[in-house]
Amino acid sequence: GPYTLVQQIVEVRSTPTTVEIFHKGNRIASHQRDRRRGQAVTQNEHRPKSHQAHLEWPPSRMVNWARNIGPNTAQLFEQILNAKPHPEMGYRSCLGIIRLAQQYSAQRMEAAAERALLAKACRYRSVKSILKNSLDTVPLSPPSPGSPPLTHDNVRGADYFDQGGPTSC
């Protein structure tokens with residue numbers, strides 16, 4: 001797409017109805033002018049694929065989608081998007097989780113989100129791993145008061161399904 005021509009010299013020809021962009025004499029893009037403001041309409045197919053995904057899924061839409069799955073999923077998305085200095089860094093994680101929902105039921109997605117939150121493993125890889133290993137189907141038992149914390153070697157904590165990367169949300 002034209003975004004590969006960054007820093008190349010291009011020629012722009014504009015008429016009242018279109019804006020055309022040429023590179024070395026070849027027309028590489030043509031945009032209809034937006035009649036309301038005389039500005040060119042940016043066509044999504046001229047953006048890198050990653051940008052297109054972000055355009056179609058602004059954070060508000062991601063969080064709304066997550067709310068439809070359930071409160072844990074919504075909280076997970078908010079954690080992912082807020083944890084990063086730039087929300088874009090959390091987009092790919094959220095988009096990955098949205099894609100997982102094509103394979104798993106909302107019920108399982110919600111259970112996996114709850115586990116990721118409890119494990120402070122708020123990342124796409126963690127959610128995918130929880131679902132793939134069916135960890136979301138193991139009942140969550142609250143520790144009974146007064147019982148010693150479980151520190152046996154055979155208890156798999158967040159680190160088990162979350163190799164690499166910080167475990168904080």
# chains A, B, ... in the order shown; residues from 1 in each chain; ligands from 1
call {"tool": "residues_around", "arguments": {"residues": "Ala111 (chain A)", "least_positions_apart": "3", "cutoff": "6 Å", "atoms": "only C-alpha atoms", "output": "ChimeraX atom specification"}}
result
/A:108,114,136
call {"tool": "residues_around", "arguments": {"residues": "region 10-21 of chain A", "least_positions_apart": "3", "cutoff": "6 Å", "atoms": "only C-alpha atoms", "output": "PyMOL selection string"}}
result
chain A and resi 27-33
call {"tool": "write_last_selection", "arguments": {"atoms": "all heavy atoms", "output": "PDB file, in the first residue's frame"}}
result
ATOM      1  N   ARG A  27       0.028   6.257 -11.031  1.00  0.00           N
ATOM      2  CA  ARG A  27      -0.975   6.661 -10.037  1.00  0.00           C
ATOM      3  C   ARG A  27      -1.054   5.575  -8.970  1.00  0.00           C
ATOM      4  O   ARG A  27      -1.317   4.421  -9.295  1.00  0.00           O
ATOM      5  CB  ARG A  27      -2.343   6.860 -10.686  1.00  0.00           C
ATOM      6  CG  ARG A  27      -3.311   7.522  -9.709  1.00  0.00           C
ATOM      7  CD  ARG A  27      -4.648   7.784 -10.346  1.00  0.00           C
ATOM      8  NE  ARG A  27      -5.425   6.546 -10.344  1.00  0.00           N
ATOM      9  CZ  ARG A  27      -6.716   6.485 -10.657  1.00  0.00           C
ATOM     10  NH1 ARG A  27      -7.366   7.559 -11.035  1.00  0.00           N
ATOM     11  NH2 ARG A  27      -7.352   5.335 -10.626  1.00  0.00           N
ATOM     12  N   ILE A  28      -0.784   5.946  -7.716  1.00  0.00           N
ATOM     13  CA  ILE A  28      -0.797   4.929  -6.662  1.00  0.00           C
ATOM     14  C   ILE A  28      -2.001   5.064  -5.740  1.00  0.00           C
ATOM     15  O   ILE A  28      -2.322   4.150  -5.001  1.00  0.00           O
ATOM     16  CB  ILE A  28       0.498   4.998  -5.808  1.00  0.00           C
ATOM     17  CG1 ILE A  28       0.745   6.431  -5.347  1.00  0.00           C
ATOM     18  CG2 ILE A  28       1.670   4.436  -6.579  1.00  0.00           C
ATOM     19  CD1 ILE A  28       1.727   6.545  -4.216  1.00  0.00           C
ATOM     20  N   ALA A  29      -2.663   6.218  -5.793  1.00  0.00           N
ATOM     21  CA  ALA A  29      -3.848   6.367  -4.943  1.00  0.00           C
ATOM     22  C   ALA A  29      -4.744   7.426  -5.538  1.00  0.00           C
ATOM     23  O   ALA A  29      -4.278   8.372  -6.172  1.00  0.00           O
ATOM     24  CB  ALA A  29      -3.444   6.769  -3.524  1.00  0.00           C
ATOM     25  N   SER A  30      -6.021   7.237  -5.335  1.00  0.00           N
ATOM     26  CA  SER A  30      -6.988   8.225  -5.790  1.00  0.00           C
ATOM     27  C   SER A  30      -8.069   8.291  -4.725  1.00  0.00           C
ATOM     28  O   SER A  30      -8.594   7.251  -4.309  1.00  0.00           O
ATOM     29  CB  SER A  30      -7.567   7.765  -7.133  1.00  0.00           C
ATOM     30  OG  SER A  30      -8.700   8.543  -7.430  1.00  0.00           O
ATOM     31  N   HIS A  31      -8.355   9.474  -4.252  1.00  0.00           N
ATOM     32  CA  HIS A  31      -9.371   9.628  -3.205  1.00  0.00           C
ATOM     33  C   HIS A  31     -10.473  10.548  -3.684  1.00  0.00           C
ATOM     34  O   HIS A  31     -10.188  11.563  -4.310  1.00  0.00           O
ATOM     35  CB  HIS A  31      -8.758  10.260  -1.948  1.00  0.00           C
ATOM     36  CG  HIS A  31      -7.737   9.387  -1.290  1.00  0.00           C
ATOM     37  ND1 HIS A  31      -8.082   8.322  -0.516  1.00  0.00           N
ATOM     38  CD2 HIS A  31      -6.375   9.429  -1.293  1.00  0.00           C
ATOM     39  CE1 HIS A  31      -6.968   7.741  -0.057  1.00  0.00           C
ATOM     40  NE2 HIS A  31      -5.925   8.381  -0.519  1.00  0.00           N
ATOM     41  N   GLN A  32     -11.700  10.197  -3.394  1.00  0.00           N
ATOM     42  CA  GLN A  32     -12.795  11.135  -3.645  1.00  0.00           C
ATOM     43  C   GLN A  32     -12.671  12.246  -2.610  1.00  0.00           C
ATOM     44  O   GLN A  32     -12.377  11.974  -1.461  1.00  0.00           O
ATOM     45  CB  GLN A  32     -14.155  10.433  -3.442  1.00  0.00           C
ATOM     46  CG  GLN A  32     -14.452   9.358  -4.464  1.00  0.00           C
ATOM     47  CD  GLN A  32     -14.538   9.928  -5.872  1.00  0.00           C
ATOM     48  OE1 GLN A  32     -15.215  10.923  -6.098  1.00  0.00           O
ATOM     49  NE2 GLN A  32     -13.831   9.305  -6.803  1.00  0.00           N
ATOM     50  N   ARG A  33     -12.910  13.474  -3.030  1.00  0.00           N
ATOM     51  CA  ARG A  33     -12.905  14.544  -2.034  1.00  0.00           C
ATOM     52  C   ARG A  33     -14.178  14.448  -1.204  1.00  0.00           C
ATOM     53  O   ARG A  33     -15.235  14.103  -1.717  1.00  0.00           O
ATOM     54  CB  ARG A  33     -12.871  15.912  -2.715  1.00  0.00           C
ATOM     55  CG  ARG A  33     -11.485  16.343  -3.093  1.00  0.00           C
ATOM     56  CD  ARG A  33     -11.552  17.743  -3.665  1.00  0.00           C
ATOM     57  NE  ARG A  33     -10.217  18.239  -4.002  1.00  0.00           N
ATOM     58  CZ  ARG A  33      -9.455  18.909  -3.146  1.00  0.00           C
ATOM     59  NH1 ARG A  33      -9.889  19.175  -1.924  1.00  0.00           N
ATOM     60  NH2 ARG A  33      -8.270  19.329  -3.509  1.00  0.00           N
TER      61      ARG A  33
END
call {"tool": "closest_residue", "arguments": {"among": "A:Gln102, A:Asn26, A:Gln107, A:Thr137", "to": "Pro71 (chain A)", "atoms": "only C-alpha atoms"}}
result
A:Gln107
